[in-house]
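Only one structure is covered here, and it is reproduced in the block below.
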Amino acid sequence: MNSASAYHAAAASRAVSVDNLHLSFDGRSPVLADVSLRLERGEFVSLVGPSGCGKTTLLNLCAGLVPHTGAGDIGVMGSAPRTGHPEIGYMLARDSLLPWCSALENAAFGLRVRGTPRQQALERARRMLGEVGLAQHESALPKALSHGMRQRTALARTFALDASLLLMDEPFGALDAQTKLQLQDLLLRLCQQHSCSVLFVTHDLAEAVAVSDRVVVMSSRPGRIIADVPIDLPRPRSIRELQKSPRFHELYSALWSHLESGWVHHEG
Ligand SMILES: Nc1ncnc2c1ncn2[C@@H]1O[C@H](COP(=O)(O)OP(=O)(O)OP(=O)(O)O)[C@@H](O)[C@H]1O
């Protein structure tokens, strides 16, 4: 066994293992500096940090969308990152639905790309549309759906894959505040039902506290991990009830302080 395989075998028990990772796109200016991150199976971890600190890059490295060319190691579900990994689902802020396909066909799309037979994919997609509250809208085209409904369809498509690890890049970033809260509740419910691990990028600290088991704070570019904050709020959680919890607000404020220290670090 070579050293890379030995690393992945040792990291196999985790959903994501990142160790002492460095990355630069141009070989000169670093984007990520000495990043180490663990995501245990079943855990929900959010990445927060200033714009441009490398959150999306870290997610893309885990998804195999950015090649790992720098120093350090990455293991994802027990192997080196690669695109099309059957145990990994990816969701973006843009719903990226196909405009000419119905909600049902869109929800089935990921499964079809992975080779699931059409009828089986449609059945699973129909079940998932029911889980996200869109059972009555399966034949609607994306243009006939609200932003929130489109993002529910994208959630159905992502969870239909039955992936063990979800990489989510600001999936609710483009939604209005009220719809966002509803979809956070939905996400919490889906994660509990499907018991998956989630690595979640967000700019919204309240969202990070509400949905996560841990929040990892990054500094300004080059992104370093400056804090790893356990979110000791009991589950199951209700987003609405959390707003009244003093602990929720303490954690929110603690995260702000960490973020501010990351800015000072950069400016100094
Ligand atoms: N393919 C690329 N080639 C060159 N530079 C890149 C590439 N992708 C990202 N970058 C740069 O790497 C840095 C980190 O970008 P990234 O998108 O990962 O940050 P981010 O923390 O996700 O930002 P935001 O919160 O604004 O989405 C930025 O300076 C960006 O311009």
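As shown in the structure tokens, the chain order sets the letters A, B, ...; within each chain, residues go from 1, and ligands are also counted from 1 in the order they appear.
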>> Just list as a VMD selection string whatever in stretch 158-264 of chain A DSSP marks as helix (DSSP H, G or I).
In response: chain A and resid 158 to 160 177 to 194 205 to 211 239 to 242 246 to 264
Would you mind exporting N, CA and C atoms of the selected residues as a short mmCIF file (atom, residue, chain, number, x, y, z; two decimals), in the first residue's frame?
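Below is the file that was written, selection_13.cif:
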data_model
loop_
_atom_site.label_atom_id
_atom_site.label_comp_id
_atom_site.auth_asym_id
_atom_site.auth_seq_id
_atom_site.Cartn_x
_atom_site.Cartn_y
_atom_site.Cartn_z
N THR A 158 -30.99 16.44 -4.79
CA THR A 158 -29.78 16.10 -4.03
C THR A 158 -30.03 14.90 -3.11
N PHE A 159 -31.14 14.92 -2.38
CA PHE A 159 -31.40 13.83 -1.43
C PHE A 159 -31.84 12.55 -2.13
N ALA A 160 -32.36 12.67 -3.37
CA ALA A 160 -32.75 11.47 -4.12
C ALA A 160 -31.54 10.57 -4.36
N ALA A 177 -35.49 36.06 3.43
CA ALA A 177 -35.25 35.62 4.81
C ALA A 177 -36.27 34.57 5.28
N GLN A 178 -37.53 34.79 4.95
CA GLN A 178 -38.55 33.88 5.47
C GLN A 178 -38.48 32.50 4.80
N THR A 179 -38.30 32.50 3.49
CA THR A 179 -38.19 31.23 2.77
C THR A 179 -36.95 30.46 3.24
N LYS A 180 -35.90 31.22 3.51
CA LYS A 180 -34.65 30.62 3.99
C LYS A 180 -34.90 29.84 5.30
N LEU A 181 -35.64 30.45 6.23
CA LEU A 181 -35.90 29.79 7.50
C LEU A 181 -36.69 28.50 7.29
N GLN A 182 -37.65 28.55 6.36
CA GLN A 182 -38.45 27.34 6.09
C GLN A 182 -37.57 26.24 5.51
N LEU A 183 -36.67 26.64 4.61
CA LEU A 183 -35.82 25.61 3.98
C LEU A 183 -34.76 25.08 4.95
N GLN A 184 -34.33 25.90 5.90
CA GLN A 184 -33.41 25.40 6.92
C GLN A 184 -34.10 24.31 7.75
N ASP A 185 -35.36 24.56 8.12
CA ASP A 185 -36.12 23.55 8.86
C ASP A 185 -36.25 22.26 8.05
N LEU A 186 -36.54 22.45 6.76
CA LEU A 186 -36.68 21.29 5.87
C LEU A 186 -35.35 20.52 5.80
N LEU A 187 -34.26 21.25 5.67
CA LEU A 187 -32.95 20.60 5.58
C LEU A 187 -32.66 19.80 6.86
N LEU A 188 -32.96 20.38 8.01
CA LEU A 188 -32.72 19.68 9.28
C LEU A 188 -33.50 18.37 9.30
N ARG A 189 -34.75 18.43 8.84
CA ARG A 189 -35.60 17.23 8.84
C ARG A 189 -35.04 16.19 7.87
N LEU A 190 -34.66 16.63 6.67
CA LEU A 190 -34.15 15.68 5.67
C LEU A 190 -32.87 15.02 6.16
N CYS A 191 -31.98 15.82 6.78
CA CYS A 191 -30.70 15.27 7.25
C CYS A 191 -30.96 14.23 8.34
N GLN A 192 -31.93 14.51 9.19
CA GLN A 192 -32.23 13.55 10.25
C GLN A 192 -32.79 12.24 9.66
N GLN A 193 -33.70 12.39 8.68
CA GLN A 193 -34.30 11.19 8.07
C GLN A 193 -33.29 10.39 7.27
N HIS A 194 -32.37 11.08 6.60
CA HIS A 194 -31.46 10.37 5.69
C HIS A 194 -30.10 10.11 6.32
N LEU A 205 -24.23 33.57 9.71
CA LEU A 205 -23.82 32.94 10.97
C LEU A 205 -25.01 32.33 11.71
N ALA A 206 -26.18 32.97 11.63
CA ALA A 206 -27.37 32.43 12.31
C ALA A 206 -27.72 31.08 11.68
N GLU A 207 -27.61 31.01 10.37
CA GLU A 207 -27.89 29.74 9.68
C GLU A 207 -26.88 28.67 10.12
N ALA A 208 -25.61 29.06 10.19
CA ALA A 208 -24.57 28.10 10.59
C ALA A 208 -24.87 27.54 11.98
N VAL A 209 -25.23 28.42 12.93
CA VAL A 209 -25.52 27.95 14.29
C VAL A 209 -26.74 27.04 14.27
N ALA A 210 -27.76 27.43 13.52
CA ALA A 210 -29.04 26.71 13.55
C ALA A 210 -28.92 25.28 13.03
N VAL A 211 -28.11 25.08 11.99
CA VAL A 211 -28.14 23.76 11.36
C VAL A 211 -26.98 22.83 11.76
N ILE A 239 -36.17 25.82 13.89
CA ILE A 239 -35.51 27.09 13.59
C ILE A 239 -36.22 28.24 14.32
N ARG A 240 -37.54 28.18 14.35
CA ARG A 240 -38.33 29.23 14.99
C ARG A 240 -38.06 29.28 16.49
N GLU A 241 -38.02 28.10 17.13
CA GLU A 241 -37.78 28.05 18.58
C GLU A 241 -36.36 28.51 18.92
N LEU A 242 -35.42 28.18 18.02
CA LEU A 242 -34.02 28.56 18.30
C LEU A 242 -33.85 30.06 18.47
N PRO A 246 -31.38 31.61 24.46
CA PRO A 246 -30.21 32.45 24.79
C PRO A 246 -28.91 31.81 24.30
N ARG A 247 -28.82 30.48 24.35
CA ARG A 247 -27.60 29.79 23.92
C ARG A 247 -27.33 30.02 22.42
N PHE A 248 -28.41 30.04 21.65
CA PHE A 248 -28.29 30.30 20.21
C PHE A 248 -27.59 31.66 19.99
N HIS A 249 -28.03 32.66 20.75
CA HIS A 249 -27.48 34.00 20.58
C HIS A 249 -26.04 34.10 21.09
N GLU A 250 -25.75 33.35 22.18
CA GLU A 250 -24.35 33.31 22.68
C GLU A 250 -23.41 32.74 21.61
N LEU A 251 -23.86 31.64 21.00
CA LEU A 251 -23.01 30.99 19.99
C LEU A 251 -22.81 31.91 18.78
N TYR A 252 -23.90 32.58 18.39
CA TYR A 252 -23.84 33.52 17.27
C TYR A 252 -22.80 34.61 17.55
N SER A 253 -22.85 35.12 18.79
CA SER A 253 -21.95 36.20 19.15
C SER A 253 -20.49 35.70 19.23
N ALA A 254 -20.32 34.46 19.73
CA ALA A 254 -18.96 33.89 19.79
C ALA A 254 -18.38 33.74 18.38
N LEU A 255 -19.22 33.33 17.44
CA LEU A 255 -18.74 33.17 16.06
C LEU A 255 -18.33 34.52 15.46
N TRP A 256 -19.10 35.55 15.76
CA TRP A 256 -18.75 36.90 15.28
C TRP A 256 -17.36 37.30 15.78
N SER A 257 -17.11 37.03 17.08
CA SER A 257 -15.81 37.41 17.65
C SER A 257 -14.68 36.68 16.93
N HIS A 258 -14.90 35.38 16.65
CA HIS A 258 -13.86 34.62 15.94
C HIS A 258 -13.63 35.21 14.55
N LEU A 259 -14.73 35.53 13.86
CA LEU A 259 -14.61 36.10 12.50
C LEU A 259 -13.82 37.40 12.54
N GLU A 260 -14.13 38.24 13.53
CA GLU A 260 -13.43 39.53 13.64
C GLU A 260 -11.95 39.32 13.90
N SER A 261 -11.63 38.32 14.73
CA SER A 261 -10.21 38.08 15.01
C SER A 261 -9.50 37.64 13.73
N GLY A 262 -10.22 36.95 12.83
CA GLY A 262 -9.63 36.54 11.54
C GLY A 262 -9.34 37.73 10.66
N TRP A 263 -10.19 38.75 10.72
CA TRP A 263 -9.93 39.97 9.92
C TRP A 263 -8.70 40.68 10.46
N VAL A 264 -8.63 40.80 11.81
CA VAL A 264 -7.49 41.49 12.44
C VAL A 264 -6.20 40.78 12.05
#
> Using only C-alpha atoms and all ligand atoms, which protein or nucleic acid residues are at most 10 Å from ligand 1, as a count of residues only?
Replying inline: 37
> Which neighbours of stretch 118-120 of chain A fall inside 10 Å, counting only C-alpha atoms, when residues of the same chain fewer than 6 positions from it are skipped, and could you give them as a PyMOL selection string?
Replying inline: chain A and resi 105+108-109+111-112+126
Would you write out those residues with C-alpha atoms, as a compact mmCIF listing (two decimals), in the first residue's frame?
# COMPACT_ATOMS: atom_id res chain seq x y z
CA GLU A 105 -37.71 15.13 -14.16
CA ALA A 108 -34.75 12.56 -11.03
CA PHE A 109 -31.91 14.14 -13.04
CA LEU A 111 -30.10 9.68 -10.48
CA ARG A 112 -30.41 9.46 -14.28
CA ARG A 126 -41.61 11.43 -6.73
> Out of A:Ala135, A:Val113, A:Leu37, A:Leu141, which residue has the shortest atom-to-atom distance to A:Trp100 when counting only C-alpha atoms?
Replying inline: A:Leu141
Go through stretch 55-256 of chain A and collect every residue that DSSP, computed from the backbone, puts in strand (DSSP E); the answer should be as a PDB file with N, CA and C atoms, in the first residue's frame.
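Dumped everything to result-v2.pdb:
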ATOM      1  N   ASP A  73      -2.991  16.459   2.647  1.00  0.00           N
ATOM      2  CA  ASP A  73      -3.786  15.287   2.254  1.00  0.00           C
ATOM      3  C   ASP A  73      -5.274  15.584   2.347  1.00  0.00           C
ATOM      4  N   ILE A  74      -6.037  14.947   1.443  1.00  0.00           N
ATOM      5  CA  ILE A  74      -7.505  15.009   1.539  1.00  0.00           C
ATOM      6  C   ILE A  74      -8.055  13.603   1.329  1.00  0.00           C
ATOM      7  N   GLY A  75      -8.905  13.179   2.237  1.00  0.00           N
ATOM      8  CA  GLY A  75      -9.631  11.917   2.081  1.00  0.00           C
ATOM      9  C   GLY A  75     -11.119  12.208   2.178  1.00  0.00           C
ATOM     10  N   VAL A  76     -11.884  11.679   1.215  1.00  0.00           N
ATOM     11  CA  VAL A  76     -13.328  11.904   1.219  1.00  0.00           C
ATOM     12  C   VAL A  76     -14.004  10.552   1.086  1.00  0.00           C
ATOM     13  N   ILE A  88     -21.343  10.880  -2.868  1.00  0.00           N
ATOM     14  CA  ILE A  88     -21.278  12.322  -2.614  1.00  0.00           C
ATOM     15  C   ILE A  88     -22.296  13.095  -3.454  1.00  0.00           C
ATOM     16  N   GLY A  89     -23.028  13.980  -2.806  1.00  0.00           N
ATOM     17  CA  GLY A  89     -23.951  14.878  -3.510  1.00  0.00           C
ATOM     18  C   GLY A  89     -23.474  16.315  -3.348  1.00  0.00           C
ATOM     19  N   TYR A  90     -23.753  17.172  -4.342  1.00  0.00           N
ATOM     20  CA  TYR A  90     -23.271  18.559  -4.320  1.00  0.00           C
ATOM     21  C   TYR A  90     -24.458  19.471  -4.609  1.00  0.00           C
ATOM     22  N   MET A  91     -24.592  20.518  -3.824  1.00  0.00           N
ATOM     23  CA  MET A  91     -25.698  21.462  -4.075  1.00  0.00           C
ATOM     24  C   MET A  91     -25.201  22.904  -3.975  1.00  0.00           C
ATOM     25  N   LEU A 165     -22.576  11.687   1.871  1.00  0.00           N
ATOM     26  CA  LEU A 165     -21.955  12.984   2.165  1.00  0.00           C
ATOM     27  C   LEU A 165     -22.523  14.038   1.220  1.00  0.00           C
ATOM     28  N   LEU A 166     -23.008  15.132   1.794  1.00  0.00           N
ATOM     29  CA  LEU A 166     -23.493  16.241   0.973  1.00  0.00           C
ATOM     30  C   LEU A 166     -22.557  17.423   1.127  1.00  0.00           C
ATOM     31  N   LEU A 167     -22.145  17.989   0.006  1.00  0.00           N
ATOM     32  CA  LEU A 167     -21.337  19.208  -0.012  1.00  0.00           C
ATOM     33  C   LEU A 167     -22.276  20.307  -0.483  1.00  0.00           C
ATOM     34  N   MET A 168     -22.524  21.292   0.374  1.00  0.00           N
ATOM     35  CA  MET A 168     -23.543  22.294   0.042  1.00  0.00           C
ATOM     36  C   MET A 168     -22.918  23.687   0.095  1.00  0.00           C
ATOM     37  N   ASP A 169     -22.975  24.408  -1.040  1.00  0.00           N
ATOM     38  CA  ASP A 169     -22.344  25.720  -1.130  1.00  0.00           C
ATOM     39  C   ASP A 169     -23.420  26.796  -1.124  1.00  0.00           C
ATOM     40  N   SER A 197     -23.848  12.925   6.235  1.00  0.00           N
ATOM     41  CA  SER A 197     -22.887  13.921   6.729  1.00  0.00           C
ATOM     42  C   SER A 197     -22.996  15.123   5.800  1.00  0.00           C
ATOM     43  N   VAL A 198     -22.818  16.319   6.355  1.00  0.00           N
ATOM     44  CA  VAL A 198     -22.932  17.519   5.510  1.00  0.00           C
ATOM     45  C   VAL A 198     -21.776  18.476   5.781  1.00  0.00           C
ATOM     46  N   LEU A 199     -21.127  18.922   4.706  1.00  0.00           N
ATOM     47  CA  LEU A 199     -20.170  20.033   4.788  1.00  0.00           C
ATOM     48  C   LEU A 199     -20.840  21.197   4.067  1.00  0.00           C
ATOM     49  N   PHE A 200     -21.088  22.285   4.823  1.00  0.00           N
ATOM     50  CA  PHE A 200     -22.024  23.323   4.411  1.00  0.00           C
ATOM     51  C   PHE A 200     -21.317  24.678   4.433  1.00  0.00           C
ATOM     52  N   VAL A 201     -21.303  25.376   3.315  1.00  0.00           N
ATOM     53  CA  VAL A 201     -20.700  26.716   3.275  1.00  0.00           C
ATOM     54  C   VAL A 201     -21.801  27.757   3.381  1.00  0.00           C
ATOM     55  N   ARG A 214     -21.005  21.542  14.348  1.00  0.00           N
ATOM     56  CA  ARG A 214     -19.796  22.350  14.576  1.00  0.00           C
ATOM     57  C   ARG A 214     -19.727  23.427  13.515  1.00  0.00           C
ATOM     58  N   VAL A 215     -19.164  24.571  13.882  1.00  0.00           N
ATOM     59  CA  VAL A 215     -18.927  25.613  12.876  1.00  0.00           C
ATOM     60  C   VAL A 215     -17.431  25.896  12.847  1.00  0.00           C
ATOM     61  N   VAL A 216     -16.862  25.781  11.653  1.00  0.00           N
ATOM     62  CA  VAL A 216     -15.437  26.014  11.467  1.00  0.00           C
ATOM     63  C   VAL A 216     -15.274  27.407  10.852  1.00  0.00           C
ATOM     64  N   VAL A 217     -14.455  28.240  11.530  1.00  0.00           N
ATOM     65  CA  VAL A 217     -14.283  29.625  11.092  1.00  0.00           C
ATOM     66  C   VAL A 217     -12.939  29.767  10.390  1.00  0.00           C
ATOM     67  N   MET A 218     -12.968  30.385   9.208  1.00  0.00           N
ATOM     68  CA  MET A 218     -11.723  30.605   8.455  1.00  0.00           C
ATOM     69  C   MET A 218     -11.346  32.083   8.480  1.00  0.00           C
ATOM     70  N   ILE A 225      -7.805  27.836   9.292  1.00  0.00           N
ATOM     71  CA  ILE A 225      -8.878  27.557  10.251  1.00  0.00           C
ATOM     72  C   ILE A 225      -8.498  28.261  11.552  1.00  0.00           C
ATOM     73  N   ILE A 226      -9.360  29.175  12.003  1.00  0.00           N
ATOM     74  CA  ILE A 226      -9.009  29.904  13.226  1.00  0.00           C
ATOM     75  C   ILE A 226      -9.884  29.504  14.410  1.00  0.00           C
ATOM     76  N   ALA A 227     -10.982  28.787  14.166  1.00  0.00           N
ATOM     77  CA  ALA A 227     -11.792  28.304  15.294  1.00  0.00           C
ATOM     78  C   ALA A 227     -12.670  27.160  14.821  1.00  0.00           C
ATOM     79  N   ASP A 228     -12.960  26.273  15.764  1.00  0.00           N
ATOM     80  CA  ASP A 228     -13.828  25.127  15.487  1.00  0.00           C
ATOM     81  C   ASP A 228     -14.790  25.075  16.670  1.00  0.00           C
ATOM     82  N   VAL A 229     -16.001  25.555  16.454  1.00  0.00           N
ATOM     83  CA  VAL A 229     -16.920  25.805  17.573  1.00  0.00           C
ATOM     84  C   VAL A 229     -18.021  24.740  17.614  1.00  0.00           C
ATOM     85  N   PRO A 230     -18.057  23.922  18.689  1.00  0.00           N
ATOM     86  CA  PRO A 230     -19.148  22.936  18.799  1.00  0.00           C
ATOM     87  C   PRO A 230     -20.474  23.653  19.082  1.00  0.00           C
TER      88      PRO A 230
END
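With distances restricted to only C-alpha atoms, A:Gln151 is the closest residue to A:Leu92 from A:Gln151, A:Ser79, A:Ser238, A:Ser245.
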> Which one of A:Gly130, A:Gly70, A:Pro171, A:Pro236 sits closest to A:Ala93 if you count only C-alpha atoms?
Replying inline: A:Pro171
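Shortest atom-to-atom contact with A:Leu155 among A:Ala107, A:Leu233, A:Ala121, A:Cys196: A:Ala107, counting only C-alpha atoms.
Atom CA of A:Lys143 to atom CA of A:Cys101 spans 10.1 Å [interatomic distance, one decimal].
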> From the list A:Asp232, A:Leu21, A:Gln136, A:Asp95, which residue is nearest A:Leu175 when using only C-alpha atoms?
Replying inline: A:Asp95
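Atom pair atom CA of A:Arg38 / atom CA of A:Glu87 has a distance of 17.3 Å (rounded to one decimal).
Take the candidates A:Ala156, A:Ala103, A:Val45, A:Ala174 and check each one against A:Ala144 using only C-alpha atoms; the shortest distance goes to A:Ala103.
Rounded to one decimal, atom CA of A:Thr153 and atom CA of A:Asp176 lie 16.7 Å from each other.
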> Excluding same-chain residues fewer than 3 positions from stretch 81-83 of chain A, what lies within 6 Å of it counting only C-alpha atoms, as a list of chain:residue names?
Replying inline: A:Cys62, A:Ala63, A:Gly64, A:Val76
Store the residues of this selection in a file with N, CA and C atoms, as a CSV table (one decimal), in the first residue's frame.
chain,number,residue,atom,x,y,z
A,62,CYS,N,-12.8,18.9,-2.1
A,62,CYS,CA,-13.4,17.7,-1.6
A,62,CYS,C,-14.2,17.0,-2.7
A,63,ALA,N,-14.9,17.8,-3.6
A,63,ALA,CA,-15.7,17.2,-4.6
A,63,ALA,C,-14.9,16.7,-5.8
A,64,GLY,N,-13.6,17.0,-5.8
A,64,GLY,CA,-12.7,16.6,-6.9
A,64,GLY,C,-12.8,17.6,-8.1
A,76,VAL,N,-11.9,11.7,1.2
A,76,VAL,CA,-13.3,11.9,1.2
A,76,VAL,C,-14.0,10.6,1.1
